[in-house]
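Have a look at my_file05.pdb below; it lists PDB, C-alpha atoms and all ligand atoms.
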```pdb
ATOM      1  CA  MET N 246       8.621  -0.772  38.458
ATOM      2  CA  PRO N 247       7.706  -0.557  34.795
ATOM      3  CA  PRO N 248      10.460  -1.651  32.422
ATOM      4  CA  ILE N 249      10.001   1.366  30.172
ATOM      5  CA  THR N 250       9.258   5.033  30.833
ATOM      6  CA  PRO N 251       5.794   6.499  30.178
ATOM      7  CA  GLU N 252       7.346   8.653  27.471
ATOM      8  CA  LEU N 253       8.780   5.659  25.676
ATOM      9  CA  SER N 254       5.510   3.785  26.111
ATOM     10  CA  ALA N 255       3.614   6.670  24.499
ATOM     11  CA  GLU N 256       6.096   6.896  21.635
ATOM     12  CA  ILE N 257       6.028   3.152  20.985
ATOM     13  CA  GLY N 258       2.243   3.097  21.147
ATOM     14  CA  LYS N 259       2.052   5.904  18.627
ATOM     15  CA  ARG N 260       4.437   4.130  16.234
ATOM     16  CA  LEU N 261       2.608   0.819  16.555
ATOM     17  CA  ARG N 262      -0.725   2.418  15.751
ATOM     18  CA  GLU N 263       0.783   4.287  12.822
ATOM     19  CA  THR N 264       2.294   1.081  11.460
ATOM     20  CA  ARG N 265      -1.018  -0.738  11.872
ATOM     21  CA  ASP N 266      -2.840   2.068  10.060
ATOM     22  CA  ASP N 267      -0.261   1.924   7.256
ATOM     23  CA  VAL N 268      -0.685  -1.818   6.827
ATOM     24  CA  LEU N 269      -4.462  -1.620   6.878
ATOM     25  CA  ALA N 270      -4.432   1.270   4.405
ATOM     26  CA  ALA N 271      -2.106  -0.642   2.079
ATOM     27  CA  VAL N 272      -4.298  -3.734   2.236
ATOM     28  CA  ARG N 273      -7.398  -1.685   1.554
ATOM     29  CA  GLU N 274      -5.784   0.180  -1.334
ATOM     30  CA  ARG N 275      -4.507  -3.014  -2.946
ATOM     31  CA  THR N 276      -7.791  -4.820  -2.453
ATOM     32  CA  ASP N 277      -9.663  -1.944  -4.080
ATOM     33  CA  SER N 278      -7.325  -1.506  -7.038
ATOM     34  CA  ASP N 279      -6.921  -5.227  -7.639
ATOM     35  CA  ALA N 280     -10.581  -6.093  -7.545
ATOM     36  CA  PRO N 281     -11.347  -5.293 -11.216
ATOM     37  CA  GLU N 282      -8.218  -7.125 -12.428
ATOM     38  CA  ILE N 283      -9.051 -10.295 -10.557
ATOM     39  CA  ALA N 284     -12.490 -10.640 -12.127
ATOM     40  CA  PRO N 285     -11.559 -12.703 -15.205
ATOM     41  CA  ASN N 286     -14.863 -12.281 -17.025
ATOM     42  CA  THR N 287     -13.442 -10.504 -20.029
ATOM     43  CA  HIS N 288     -13.419 -12.284 -23.382
ATOM     44  CA  THR N 289      -9.693 -12.626 -23.837
ATOM     45  CA  PHE N 290      -7.387 -15.585 -24.307
ATOM     46  CA  GLU N 291      -8.765 -18.227 -22.004
ATOM     47  CA  ASN N 292      -5.537 -20.136 -21.731
ATOM     48  CA  GLU N 293      -3.568 -17.102 -20.698
ATOM     49  CA  ASP N 294      -6.066 -15.946 -18.126
ATOM     50  CA  ARG N 295      -5.626 -18.805 -15.749
ATOM     51  CA  PRO N 296      -1.922 -18.776 -14.995
ATOM     52  CA  GLN N 297      -2.065 -15.029 -14.554
ATOM     53  CA  ALA N 298      -4.962 -15.246 -12.142
ATOM     54  CA  GLU N 299      -3.202 -17.937 -10.194
ATOM     55  CA  MET N 300      -0.046 -15.887 -10.008
ATOM     56  CA  ILE N 301      -1.918 -12.854  -8.698
ATOM     57  CA  SER N 302      -3.834 -14.784  -6.076
ATOM     58  CA  HIS N 303      -0.683 -16.545  -4.924
ATOM     59  CA  ASN N 304       1.111 -13.250  -4.640
ATOM     60  CA  GLU N 305      -1.761 -11.694  -2.708
ATOM     61  CA  GLU N 306      -1.911 -14.597  -0.359
ATOM     62  CA  HIS N 307       1.778 -14.273   0.378
ATOM     63  CA  LEU N 308       1.470 -10.587   1.149
ATOM     64  CA  ALA N 309      -1.609 -11.123   3.256
ATOM     65  CA  ASP N 310       0.183 -13.716   5.371
ATOM     66  CA  HIS N 311       3.027 -11.324   5.961
ATOM     67  CA  GLU N 312       0.619  -8.532   6.842
ATOM     68  CA  THR N 313      -1.476 -10.753   9.065
ATOM     69  CA  ALA N 314       1.652 -11.698  10.991
ATOM     70  CA  LEU N 315       2.706  -8.076  11.301
ATOM     71  CA  LEU N 316      -0.732  -6.972  12.498
ATOM     72  CA  HIS N 317      -0.697  -9.758  15.053
ATOM     73  CA  GLU N 318       2.727  -8.651  16.301
ATOM     74  CA  ILE N 319       1.461  -5.087  16.587
ATOM     75  CA  ASP N 320      -1.581  -6.206  18.574
ATOM     76  CA  VAL N 321       0.597  -8.259  20.906
ATOM     77  CA  ALA N 322       2.915  -5.303  21.453
ATOM     78  CA  LEU N 323       0.023  -2.891  22.051
ATOM     79  CA  GLY N 324      -1.532  -5.339  24.496
ATOM     80  CA  LYS N 325       1.709  -5.570  26.430
ATOM     81  CA  LEU N 326       2.062  -1.795  26.443
ATOM     82  CA  GLU N 327      -1.323  -1.549  28.135
ATOM     83  CA  SER N 328      -1.172  -4.525  30.457
ATOM     84  CA  GLY N 329       2.536  -4.387  31.249
ATOM     85  CA  GLY N 330       5.423  -6.557  30.198
ATOM     86  CA  TYR N 331       6.364  -4.597  27.116
ATOM     87  CA  GLY N 332      10.112  -4.272  26.619
ATOM     88  CA  ILE N 333      10.841  -7.546  28.391
ATOM     89  CA  CYS N 334      12.463 -10.317  26.353
ATOM     90  CA  VAL N 335       9.997 -13.209  26.062
ATOM     91  CA  GLU N 336      12.886 -15.677  25.977
ATOM     92  CA  CYS N 337      15.138 -14.675  28.865
ATOM     93  CA  GLY N 338      13.094 -12.055  30.750
ATOM     94  CA  ARG N 339      15.721  -9.345  30.507
ATOM     95  CA  GLU N 340      14.957  -5.768  29.506
ATOM     96  CA  ILE N 341      15.221  -4.974  25.813
ATOM     97  CA  PRO N 342      17.264  -1.806  25.130
ATOM     98  CA  GLU N 343      15.248   1.311  24.270
ATOM     99  CA  ALA N 344      17.073   1.793  20.990
ATOM    100  CA  ARG N 345      16.053  -1.688  19.868
ATOM    101  CA  LEU N 346      12.426  -1.080  20.851
ATOM    102  CA  LEU N 347      12.371   2.192  18.946
ATOM    103  CA  ALA N 348      13.983   0.630  15.886
ATOM    104  CA  THR N 349      11.540  -2.302  15.878
ATOM    105  CA  PRO N 350       8.537  -1.609  18.125
ATOM    106  CA  THR N 351       7.131  -5.118  17.618
ATOM    107  CA  VAL N 352      10.315  -6.802  18.806
ATOM    108  CA  GLN N 353       9.769  -9.323  21.621
ATOM    109  CA  THR N 354      13.275 -10.574  22.299
ATOM    110  CA  CYS N 355      16.625  -9.087  23.196
ATOM    111  CA  ILE N 356      19.403  -9.118  20.624
ATOM    112  CA  GLU N 357      21.086 -12.207  22.089
ATOM    113  CA  CYS N 358      17.914 -14.285  22.022
ATOM    114  CA  GLN N 359      17.036 -13.030  18.554
ATOM    115  CA  GLN N 360      20.414 -14.159  17.274
ATOM    116  CA  GLN N 361      19.968 -17.520  18.912
ATOM    117  CA  ILE N 362      16.508 -17.920  17.360
ATOM    118  CA  GLU N 363      17.916 -16.989  13.954
ATOM    119  CA  ARG N 364      20.716 -19.512  14.331
ATOM    120  CA  GLU N 365      18.202 -22.213  15.205
ATOM    121  CA  GLN N 366      16.009 -21.268  12.255
ATOM    122  CA  GLU N 367      18.989 -21.431   9.933
ATOM    123  CA  ARG N 368      19.836 -24.840  11.285
ATOM    124  CA  ARG N 369      16.284 -26.051  10.704
ATOM    125  CA  ASN N 370      15.505 -24.395   7.386
ATOM    126  CA  GLY N 371      18.764 -23.492   5.727
ATOM    127  CA  PRO N 372      21.459 -25.688   4.271
ATOM    128  CA  PRO N 373      23.528 -27.669   6.755
ATOM    129  CA  PRO N 374      26.434 -25.704   8.246
ATOM    130  CA  THR N 375      29.649 -26.123   6.298
ATOM    131  CA  ILE N 376      32.073 -26.237   9.161
TER     132      ILE N 376
HETATM  133 ZN    ZN J   1      16.560 -12.475  25.695
END
```
Can the structure from this file be put into structure tokens for me?
Amino acid sequence: MPPITPELSAEIGKRLRETRDDVLAAVRERTDSDAPEIAPNTHTFENEDRPQAEMISHNEEHLADHETALLHEIDVALGKLESGGYGICVECGREIPEARLLATPTVQTCIECQQQIEREQERRNGPPPTI
């Protein structure tokens, strides 16, 4: 018994592929338009070139990490759609509600587990709880 209907599977698959195309298009567009700016071979102020170049590359790296993670999530979700197991919470094994899947097709956990993960992340990364 598949956890999600064929209709939902088709819809999710379509959205995932669209999102992946969007990300790839955005990366390509930015890479193309940024390429001339990154080449610092113009005779301008040498001292001002470097911090700017560093800032751009840092920024790009940050975005690329985010996009890499998103593309990976999309691939995982597409793989599960094809091989089965999509729509099942990876933490507790319960079915994830359709509305949640449609809102965030790459989601891998139910709302309860997501909240628990976020609480744990806050505990690890954020300031200590002020209770
Ligand atoms: Zn769960």
Nearby residues, (7.2, -10.1, 21.1) file frame, 7 Å, all atoms listed in the file, as a PyMOL selection string: chain N and resi 318+321-322+335+351-354
I need the residues from that last selection saved to file as a PDB file, in the frame of the given file (with C-alpha atoms), if you can.
```
ATOM      1  CA  GLU N 318       2.727  -8.651  16.301  1.00  0.00           C
ATOM      2  CA  VAL N 321       0.597  -8.259  20.906  1.00  0.00           C
ATOM      3  CA  ALA N 322       2.915  -5.303  21.453  1.00  0.00           C
ATOM      4  CA  VAL N 335       9.997 -13.209  26.062  1.00  0.00           C
ATOM      5  CA  THR N 351       7.131  -5.118  17.618  1.00  0.00           C
ATOM      6  CA  VAL N 352      10.315  -6.802  18.806  1.00  0.00           C
ATOM      7  CA  GLN N 353       9.769  -9.323  21.621  1.00  0.00           C
ATOM      8  CA  THR N 354      13.275 -10.574  22.299  1.00  0.00           C
TER       9      THR N 354
END
```
At a cut-off of 7 Å, using all atoms listed in the file, what residues contact range 264-271 of chain N? Leave out same-chain residues fewer than 3 positions from it and give the result as a list in words. Arg260, Leu261, Glu274, Arg275, Glu312, Leu316 and Ile319 of chain N
Give me, as CSV, each residue of chain N that comes within 7 Å of ligand ZN 1 (chain J), together with its shortest interatomic pair and the distance in Å at one decimal, counting only C-alpha atoms and all ligand atoms, with rows ordered by chain and rising residue number.
```
residue,atom,partner,partner_atom,distance
N:Cys334,CA,J:ZN1,ZN,4.7
N:Val335,CA,J:ZN1,ZN,6.6
N:Glu336,CA,J:ZN1,ZN,4.9
N:Cys337,CA,J:ZN1,ZN,4.1
N:Gly338,CA,J:ZN1,ZN,6.1
N:Arg339,CA,J:ZN1,ZN,5.8
N:Thr354,CA,J:ZN1,ZN,5.1
N:Cys355,CA,J:ZN1,ZN,4.2
N:Ile356,CA,J:ZN1,ZN,6.7
N:Glu357,CA,J:ZN1,ZN,5.8
N:Cys358,CA,J:ZN1,ZN,4.3
```
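Distance-wise, CA of Thr349 in chain N and CA of Ile257 in chain N end up 9.3 Å apart.
Between CA of His311 in chain N and CA of Glu365 in chain N the interatomic distance comes to 20.8 Å.
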Correct to one decimal, the distance CA of Gln360 in chain N-CA of Glu340 in chain N is 15.8 Å
Could you tell me which residues the PyMOL selection byres (((chain N and resi 347) around 12) and not hetatm) returns for this structure, as a PyMOL selection string? chain N and resi 249+252-261+332+341-346+348-352
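Using all atoms listed in the file, the shortest contact distance between Arg273 in chain N and any of N:Ile333, N:Lys325, N:Ala309, N:Glu363 is found at N:Ala309.
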